[in-house]
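S.K.: Dropping the structure in here first, questions after.
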Amino acid sequence: DMGNKMAARPKIDSEEHLVGNRGFIKYNRSEIKKRSVADRASDFVEVYEHNNEQLVRTQAARCMDCGTPYCHQSTTNMSGCPLGNLIPEWNALVKKGDWHTAFQSLRETNNFPEFTGRVCPAPCEASCTLGIIDNPVSIKSVELFIVDEAYRRGWMGPRIPPVRTGKKVAIIGSGPAGLAAADELNRMGHEVTVYERANRPGGLMMY
């Protein structure tokens, strides 16, 4: 029946087949795999495996490039990405293997994709139009692979503003919200100091 046919679709495909806009029909959903519990219990290394670039590119090819992409819009508390990430744009870039431009697109709207790619509950996937008839695009996996690829290739670095305003701003708390605010204010040219009462920055990401 139709359900069995859909389940039998491949989750990964070769470079030459990632063409056209019918990936959502051709491919089944998959996510970046987690390392085994036995391995993770013995160290503090990354939870996710990052050894299958072609899987992620195939999953990005499932994006339907919707005319109205609900995944990157957050008009209510029940809709897509609250950051407004340009998800269809960087899905298309990942599909082509243009990781650097995909990273630039992701970083344009997201101060810390290395956080959200791991711990975000992914309202974008719940809002994915494909999810109406099929499993949604594995957006969170694509996002995580983009930012980790940026770290691997040395693209992640400070964004120093071209001019300074001479204004100073204090941020109380170094959690994700505080650090994101500091990043935005720094990009505007202000001099920012972040204050944290704990012995390490990170807020709820650390404690």
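In the structure tokens, each chain is lettered A, B, ... as it comes, each chain's residues begin at 1, and ligands are numbered from 1 in order of appearance.
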Going by DSSP on the backbone, which bits of chain A are strand (DSSP E)? Write them as a list in words, please.
M.R.: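 Selecting the strand (DSSP E) positions of chain A gives Lys168, Val169, Ala170, Ile171, Ile172, Glu191, Val192, Thr193, Val194 and Tyr195 of chain A.
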S.K.: Among region 49-80 of chain A, which ones does DSSP assign to alpha helix (DSSP H) (computed from the backbone)? Answer as a VMD selection string.
M.R.: chain A and resid 53 to 60
S.K.: What's the separation between CA of Thr101 (chain A) and CA of Ala61 (chain A), in Å to one decimal place?
M.R.: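 Rounded to one decimal, the two atoms are 16.3 Å apart.
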S.K.: One decimal, Å: what's the distance from CA of Pro88 (chain A) over to CA of Asp65 (chain A), could you say?
M.R.: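 Computing the Euclidean distance for CA of Pro88 (chain A) and CA of Asp65 (chain A) yields 5.6 Å.
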S.K.: Could you pull the residues within 12 Å of Gly80 (chain A), counting only C-alpha atoms, minus those fewer than 6 positions along the same chain, as a list in words?
M.R.: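 Close residues of Gly80 (chain A): Thr68, Pro69, Tyr70, Cys71, His72, Gln73, Ser74, Leu86, Ile87, Cys120, Pro121, Ala122, Pro123, Cys124, Glu125, Ala126, Ser127, Cys128, Thr129 and Ile139 of chain A.
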S.K.: Deliver the residues from the most recent selection as a file, using N, CA, C and O atoms, as a PDB file, in the first residue's frame.
M.R.:
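Printed below is selection.pdb as written:
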ATOM      1  N   THR A  68       4.952  30.009   0.689  1.00  0.00           N
ATOM      2  CA  THR A  68       4.793  30.615   2.015  1.00  0.00           C
ATOM      3  C   THR A  68       5.390  29.654   3.035  1.00  0.00           C
ATOM      4  O   THR A  68       4.709  28.761   3.530  1.00  0.00           O
ATOM      5  N   PRO A  69       6.690  29.791   3.316  1.00  0.00           N
ATOM      6  CA  PRO A  69       7.358  28.835   4.203  1.00  0.00           C
ATOM      7  C   PRO A  69       7.074  29.109   5.678  1.00  0.00           C
ATOM      8  O   PRO A  69       7.704  29.956   6.296  1.00  0.00           O
ATOM      9  N   TYR A  70       6.124  28.380   6.234  1.00  0.00           N
ATOM     10  CA  TYR A  70       5.759  28.583   7.638  1.00  0.00           C
ATOM     11  C   TYR A  70       6.897  28.229   8.582  1.00  0.00           C
ATOM     12  O   TYR A  70       6.933  28.701   9.718  1.00  0.00           O
ATOM     13  N   CYS A  71       7.834  27.420   8.132  1.00  0.00           N
ATOM     14  CA  CYS A  71       8.930  26.990   9.004  1.00  0.00           C
ATOM     15  C   CYS A  71       9.749  28.173   9.517  1.00  0.00           C
ATOM     16  O   CYS A  71      10.235  28.145  10.644  1.00  0.00           O
ATOM     17  N   HIS A  72       9.946  29.199   8.715  1.00  0.00           N
ATOM     18  CA  HIS A  72      10.813  30.291   9.164  1.00  0.00           C
ATOM     19  C   HIS A  72      10.039  31.526   9.608  1.00  0.00           C
ATOM     20  O   HIS A  72      10.618  32.583   9.824  1.00  0.00           O
ATOM     21  N   GLN A  73       8.743  31.404   9.775  1.00  0.00           N
ATOM     22  CA  GLN A  73       7.934  32.513  10.251  1.00  0.00           C
ATOM     23  C   GLN A  73       7.373  32.180  11.634  1.00  0.00           C
ATOM     24  O   GLN A  73       6.975  31.053  11.890  1.00  0.00           O
ATOM     25  N   SER A  74       7.355  33.178  12.491  1.00  0.00           N
ATOM     26  CA  SER A  74       6.813  32.985  13.834  1.00  0.00           C
ATOM     27  C   SER A  74       5.809  34.092  14.103  1.00  0.00           C
ATOM     28  O   SER A  74       6.076  35.058  14.805  1.00  0.00           O
ATOM     29  N   LEU A  86      16.288  31.612   7.804  1.00  0.00           N
ATOM     30  CA  LEU A  86      15.938  31.500   6.385  1.00  0.00           C
ATOM     31  C   LEU A  86      16.083  30.049   5.933  1.00  0.00           C
ATOM     32  O   LEU A  86      16.933  29.704   5.113  1.00  0.00           O
ATOM     33  N   ILE A  87      15.219  29.210   6.449  1.00  0.00           N
ATOM     34  CA  ILE A  87      15.371  27.759   6.323  1.00  0.00           C
ATOM     35  C   ILE A  87      15.339  27.262   4.885  1.00  0.00           C
ATOM     36  O   ILE A  87      16.232  26.510   4.472  1.00  0.00           O
ATOM     37  N   CYS A 120      17.224  23.132  20.651  1.00  0.00           N
ATOM     38  CA  CYS A 120      15.953  23.748  20.270  1.00  0.00           C
ATOM     39  C   CYS A 120      14.883  22.674  20.068  1.00  0.00           C
ATOM     40  O   CYS A 120      15.152  21.616  19.490  1.00  0.00           O
ATOM     41  N   PRO A 121      13.646  22.916  20.530  1.00  0.00           N
ATOM     42  CA  PRO A 121      12.574  21.940  20.301  1.00  0.00           C
ATOM     43  C   PRO A 121      12.073  21.900  18.859  1.00  0.00           C
ATOM     44  O   PRO A 121      11.167  21.132  18.543  1.00  0.00           O
ATOM     45  N   ALA A 122      12.642  22.721  17.988  1.00  0.00           N
ATOM     46  CA  ALA A 122      12.369  22.700  16.546  1.00  0.00           C
ATOM     47  C   ALA A 122      10.911  22.955  16.182  1.00  0.00           C
ATOM     48  O   ALA A 122      10.274  22.124  15.532  1.00  0.00           O
ATOM     49  N   PRO A 123      10.360  24.109  16.557  1.00  0.00           N
ATOM     50  CA  PRO A 123       9.019  24.446  16.074  1.00  0.00           C
ATOM     51  C   PRO A 123       8.959  24.584  14.562  1.00  0.00           C
ATOM     52  O   PRO A 123       7.889  24.479  13.965  1.00  0.00           O
ATOM     53  N   CYS A 124      10.118  24.807  13.946  1.00  0.00           N
ATOM     54  CA  CYS A 124      10.174  24.868  12.480  1.00  0.00           C
ATOM     55  C   CYS A 124       9.705  23.552  11.863  1.00  0.00           C
ATOM     56  O   CYS A 124       8.981  23.547  10.854  1.00  0.00           O
ATOM     57  N   GLU A 125      10.102  22.441  12.456  1.00  0.00           N
ATOM     58  CA  GLU A 125       9.697  21.139  11.912  1.00  0.00           C
ATOM     59  C   GLU A 125       8.210  20.899  12.129  1.00  0.00           C
ATOM     60  O   GLU A 125       7.532  20.330  11.261  1.00  0.00           O
ATOM     61  N   ALA A 126       7.685  21.354  13.265  1.00  0.00           N
ATOM     62  CA  ALA A 126       6.250  21.213  13.513  1.00  0.00           C
ATOM     63  C   ALA A 126       5.432  22.055  12.542  1.00  0.00           C
ATOM     64  O   ALA A 126       4.274  21.745  12.267  1.00  0.00           O
ATOM     65  N   SER A 127       6.047  23.116  12.003  1.00  0.00           N
ATOM     66  CA  SER A 127       5.357  24.010  11.071  1.00  0.00           C
ATOM     67  C   SER A 127       5.636  23.681   9.614  1.00  0.00           C
ATOM     68  O   SER A 127       5.083  24.333   8.730  1.00  0.00           O
ATOM     69  N   CYS A 128       6.487  22.706   9.363  1.00  0.00           N
ATOM     70  CA  CYS A 128       6.867  22.350   7.987  1.00  0.00           C
ATOM     71  C   CYS A 128       5.636  21.898   7.197  1.00  0.00           C
ATOM     72  O   CYS A 128       4.887  21.014   7.636  1.00  0.00           O
ATOM     73  N   THR A 129       5.433  22.497   6.044  1.00  0.00           N
ATOM     74  CA  THR A 129       4.260  22.168   5.222  1.00  0.00           C
ATOM     75  C   THR A 129       4.256  20.699   4.818  1.00  0.00           C
ATOM     76  O   THR A 129       3.189  20.074   4.742  1.00  0.00           O
ATOM     77  N   ILE A 139      14.961  19.639   9.705  1.00  0.00           N
ATOM     78  CA  ILE A 139      15.609  20.947   9.672  1.00  0.00           C
ATOM     79  C   ILE A 139      16.685  21.072  10.748  1.00  0.00           C
ATOM     80  O   ILE A 139      17.766  21.616  10.511  1.00  0.00           O
TER      81      ILE A 139
END
S.K.: So how many Å separate CA of Met6 (chain A) and CA of Asn28 (chain A), to one decimal?
M.R.: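 Computing the Euclidean distance for CA of Met6 (chain A) and CA of Asn28 (chain A) yields 7.0 Å.
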S.K.: Can you tell me, as a ChimeraX atom specification, what residues are no more than 12 Å from Gly178 (chain A) when counting only C-alpha atoms, ignoring any on the same chain fewer than 3 positions away?
M.R.: /A:111-112,169-175,181-185,192-196,201-205
S.K.: Considering only C-alpha atoms, can you say which of A:Lys33, A:Arg187, A:Arg153, A:Arg57 comes closest to His100 (chain A)?
M.R.: A:Arg153
S.K.: Smallest atom-to-atom distance to Glu114 (chain A): which of A:Val137, A:Asp148, A:Gly84, A:Trp99, using only C-alpha atoms?
M.R.: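 Closest candidate: A:Asp148.
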S.K.: Between A:Gly97, A:Ala41, A:Leu179, A:Asn135, which is the closest to Phe115 (chain A) once you count only C-alpha atoms?
M.R.: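 Of all the options, A:Leu179 lies closest to Phe115 (chain A).
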S.K.: Counting only C-alpha atoms, what is within 12 Å of Ala150 (chain A), bar same-chain residues fewer than 2 positions away, as a list in words?
M.R.: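 That gives Asp98, Trp99, His100, Thr101, Ala102, Phe103, Gln104, Ser105, Leu106, Arg107, Pro113, Glu114, Glu143, Leu144, Phe145, Ile146, Val147, Asp148, Arg152, Arg153, Gly154, Trp155, Met156 and Gly157 of chain A.
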S.K.: At a cut-off of 7 Å, using only C-alpha atoms, what residues contact Ala60 (chain A)? Leave out same-chain residues fewer than 6 positions from it and give the result as a VMD selection string.
M.R.: chain A and resid 91 to 92 94 to 95 142
S.K.: Restrict the selected residues to all heavy atoms and save them as a CSV table (one decimal), in the first residue's frame.
M.R.:
chain,number,residue,atom,x,y,z
A,91,ASN,N,18.5,25.4,3.2
A,91,ASN,CA,18.3,24.0,2.7
A,91,ASN,C,18.7,23.8,1.3
A,91,ASN,O,19.4,22.8,0.9
A,91,ASN,CB,16.8,23.6,2.8
A,91,ASN,CG,16.5,23.0,4.2
A,91,ASN,OD1,17.3,22.5,4.9
A,91,ASN,ND2,15.2,23.2,4.6
A,92,ALA,N,18.4,24.8,0.4
A,92,ALA,CA,18.8,24.8,-1.0
A,92,ALA,C,20.3,24.8,-1.2
A,92,ALA,O,20.9,24.1,-2.0
A,92,ALA,CB,18.1,25.9,-1.8
A,94,VAL,N,22.6,23.8,1.1
A,94,VAL,CA,23.1,22.5,1.6
A,94,VAL,C,22.9,21.5,0.5
A,94,VAL,O,23.8,20.6,0.3
A,94,VAL,CB,22.5,22.1,2.9
A,94,VAL,CG1,22.8,20.7,3.3
A,94,VAL,CG2,22.9,23.1,4.0
A,95,LYS,N,21.8,21.4,-0.1
A,95,LYS,CA,21.5,20.5,-1.2
A,95,LYS,C,22.6,20.6,-2.3
A,95,LYS,O,23.1,19.5,-2.8
A,95,LYS,CB,20.1,20.7,-1.8
A,95,LYS,CG,19.8,19.9,-3.0
A,95,LYS,CD,18.4,20.4,-3.6
A,95,LYS,CE,18.2,19.8,-4.9
A,95,LYS,NZ,16.9,20.3,-5.5
A,142,VAL,N,19.9,19.5,9.8
A,142,VAL,CA,20.6,20.3,8.7
A,142,VAL,C,21.3,21.5,9.4
A,142,VAL,O,22.5,21.8,9.1
A,142,VAL,CB,19.6,20.8,7.6
A,142,VAL,CG1,20.3,21.7,6.6
A,142,VAL,CG2,19.0,19.6,6.9
S.K.: Using only C-alpha atoms, which protein or nucleic acid residues come within 12 Å of region 12-18 of chain A? Drop anything in the same chain fewer than 5 positions from it, and give the result as a PDB file with N, CA and C atoms, in the first residue's frame.
M.R.:
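See selection-v2.pdb below for the written result:
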ATOM      1  N   GLY A  23      12.523  16.118  -4.181  1.00  0.00           N
ATOM      2  CA  GLY A  23      13.124  15.347  -3.099  1.00  0.00           C
ATOM      3  C   GLY A  23      12.127  14.935  -2.037  1.00  0.00           C
ATOM      4  N   PHE A  24      11.124  15.777  -1.804  1.00  0.00           N
ATOM      5  CA  PHE A  24      10.111  15.450  -0.789  1.00  0.00           C
ATOM      6  C   PHE A  24       9.274  14.245  -1.200  1.00  0.00           C
ATOM      7  N   LYS A  26      10.754  11.763  -3.348  1.00  0.00           N
ATOM      8  CA  LYS A  26      11.702  10.667  -3.567  1.00  0.00           C
ATOM      9  C   LYS A  26      12.292  10.096  -2.285  1.00  0.00           C
ATOM     10  N   TYR A  27      12.434  10.936  -1.227  1.00  0.00           N
ATOM     11  CA  TYR A  27      13.225  10.523  -0.072  1.00  0.00           C
ATOM     12  C   TYR A  27      12.411  10.479   1.217  1.00  0.00           C
ATOM     13  N   ASN A  28      12.805   9.573   2.078  1.00  0.00           N
ATOM     14  CA  ASN A  28      12.205   9.445   3.401  1.00  0.00           C
ATOM     15  C   ASN A  28      13.010  10.277   4.399  1.00  0.00           C
ATOM     16  N   ARG A  29      12.400  10.614   5.509  1.00  0.00           N
ATOM     17  CA  ARG A  29      13.059  11.420   6.531  1.00  0.00           C
ATOM     18  C   ARG A  29      14.115  10.622   7.288  1.00  0.00           C
ATOM     19  N   SER A  30      15.197  11.313   7.643  1.00  0.00           N
ATOM     20  CA  SER A  30      16.207  10.755   8.530  1.00  0.00           C
ATOM     21  C   SER A  30      16.846  11.900   9.300  1.00  0.00           C
ATOM     22  N   GLU A  31      17.462  11.596  10.410  1.00  0.00           N
ATOM     23  CA  GLU A  31      18.128  12.611  11.220  1.00  0.00           C
ATOM     24  C   GLU A  31      19.575  12.202  11.447  1.00  0.00           C
ATOM     25  N   ILE A  32      20.390  13.169  11.880  1.00  0.00           N
ATOM     26  CA  ILE A  32      21.752  12.843  12.301  1.00  0.00           C
ATOM     27  C   ILE A  32      21.670  11.863  13.465  1.00  0.00           C
ATOM     28  N   ASN A  52      28.316  11.871   7.988  1.00  0.00           N
ATOM     29  CA  ASN A  52      27.519  11.522   6.812  1.00  0.00           C
ATOM     30  C   ASN A  52      26.951  12.783   6.163  1.00  0.00           C
ATOM     31  N   GLU A  53      27.827  13.498   5.486  1.00  0.00           N
ATOM     32  CA  GLU A  53      27.419  14.735   4.816  1.00  0.00           C
ATOM     33  C   GLU A  53      26.349  14.476   3.761  1.00  0.00           C
ATOM     34  N   GLN A  54      26.472  13.368   3.054  1.00  0.00           N
ATOM     35  CA  GLN A  54      25.520  13.109   1.970  1.00  0.00           C
ATOM     36  C   GLN A  54      24.113  12.858   2.500  1.00  0.00           C
ATOM     37  N   LEU A  55      24.010  12.274   3.671  1.00  0.00           N
ATOM     38  CA  LEU A  55      22.696  12.090   4.295  1.00  0.00           C
ATOM     39  C   LEU A  55      22.034  13.434   4.542  1.00  0.00           C
ATOM     40  N   VAL A  56      22.783  14.378   5.081  1.00  0.00           N
ATOM     41  CA  VAL A  56      22.233  15.694   5.393  1.00  0.00           C
ATOM     42  C   VAL A  56      21.853  16.427   4.108  1.00  0.00           C
ATOM     43  N   ARG A  57      22.664  16.309   3.080  1.00  0.00           N
ATOM     44  CA  ARG A  57      22.331  16.963   1.808  1.00  0.00           C
ATOM     45  C   ARG A  57      21.057  16.360   1.200  1.00  0.00           C
ATOM     46  N   THR A  58      20.905  15.058   1.327  1.00  0.00           N
ATOM     47  CA  THR A  58      19.686  14.420   0.825  1.00  0.00           C
ATOM     48  C   THR A  58      18.472  14.888   1.607  1.00  0.00           C
ATOM     49  N   GLN A  59      18.625  15.018   2.919  1.00  0.00           N
ATOM     50  CA  GLN A  59      17.503  15.481   3.734  1.00  0.00           C
ATOM     51  C   GLN A  59      17.141  16.933   3.413  1.00  0.00           C
ATOM     52  N   ALA A  60      18.139  17.753   3.143  1.00  0.00           N
ATOM     53  CA  ALA A  60      17.872  19.136   2.736  1.00  0.00           C
ATOM     54  C   ALA A  60      17.111  19.173   1.413  1.00  0.00           C
ATOM     55  N   ALA A  61      17.346  18.179   0.561  1.00  0.00           N
ATOM     56  CA  ALA A  61      16.653  18.107  -0.731  1.00  0.00           C
ATOM     57  C   ALA A  61      15.165  17.819  -0.570  1.00  0.00           C
ATOM     58  N   ARG A  62      14.735  17.391   0.622  1.00  0.00           N
ATOM     59  CA  ARG A  62      13.312  17.150   0.864  1.00  0.00           C
ATOM     60  C   ARG A  62      12.523  18.451   1.029  1.00  0.00           C
ATOM     61  N   CYS A  63      13.210  19.561   1.212  1.00  0.00           N
ATOM     62  CA  CYS A  63      12.526  20.846   1.369  1.00  0.00           C
ATOM     63  C   CYS A  63      11.722  21.158   0.117  1.00  0.00           C
ATOM     64  N   ALA A  92      18.395  24.819   0.413  1.00  0.00           N
ATOM     65  CA  ALA A  92      18.781  24.762  -1.000  1.00  0.00           C
ATOM     66  C   ALA A  92      20.293  24.815  -1.164  1.00  0.00           C
ATOM     67  N   LEU A  93      20.968  25.604  -0.337  1.00  0.00           N
ATOM     68  CA  LEU A  93      22.425  25.718  -0.412  1.00  0.00           C
ATOM     69  C   LEU A  93      23.104  24.428   0.041  1.00  0.00           C
ATOM     70  N   VAL A  94      22.570  23.816   1.097  1.00  0.00           N
ATOM     71  CA  VAL A  94      23.127  22.538   1.566  1.00  0.00           C
ATOM     72  C   VAL A  94      22.935  21.453   0.508  1.00  0.00           C
ATOM     73  N   LYS A  95      21.784  21.431  -0.102  1.00  0.00           N
ATOM     74  CA  LYS A  95      21.516  20.467  -1.175  1.00  0.00           C
ATOM     75  C   LYS A  95      22.584  20.557  -2.253  1.00  0.00           C
ATOM     76  N   LYS A  96      23.023  21.771  -2.579  1.00  0.00           N
ATOM     77  CA  LYS A  96      24.051  21.983  -3.608  1.00  0.00           C
ATOM     78  C   LYS A  96      25.467  21.747  -3.081  1.00  0.00           C
ATOM     79  N   GLY A  97      25.599  21.625  -1.765  1.00  0.00           N
ATOM     80  CA  GLY A  97      26.923  21.446  -1.174  1.00  0.00           C
ATOM     81  C   GLY A  97      27.645  22.745  -0.910  1.00  0.00           C
TER      82      GLY A  97
END
S.K.: Rank nothing, just name the residue among A:Met64, A:Arg118, A:Pro10, A:Gly189 nearest to Val47 (chain A), using only C-alpha atoms.
M.R.: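 Under the stated criterion, the closest residue is A:Arg118.
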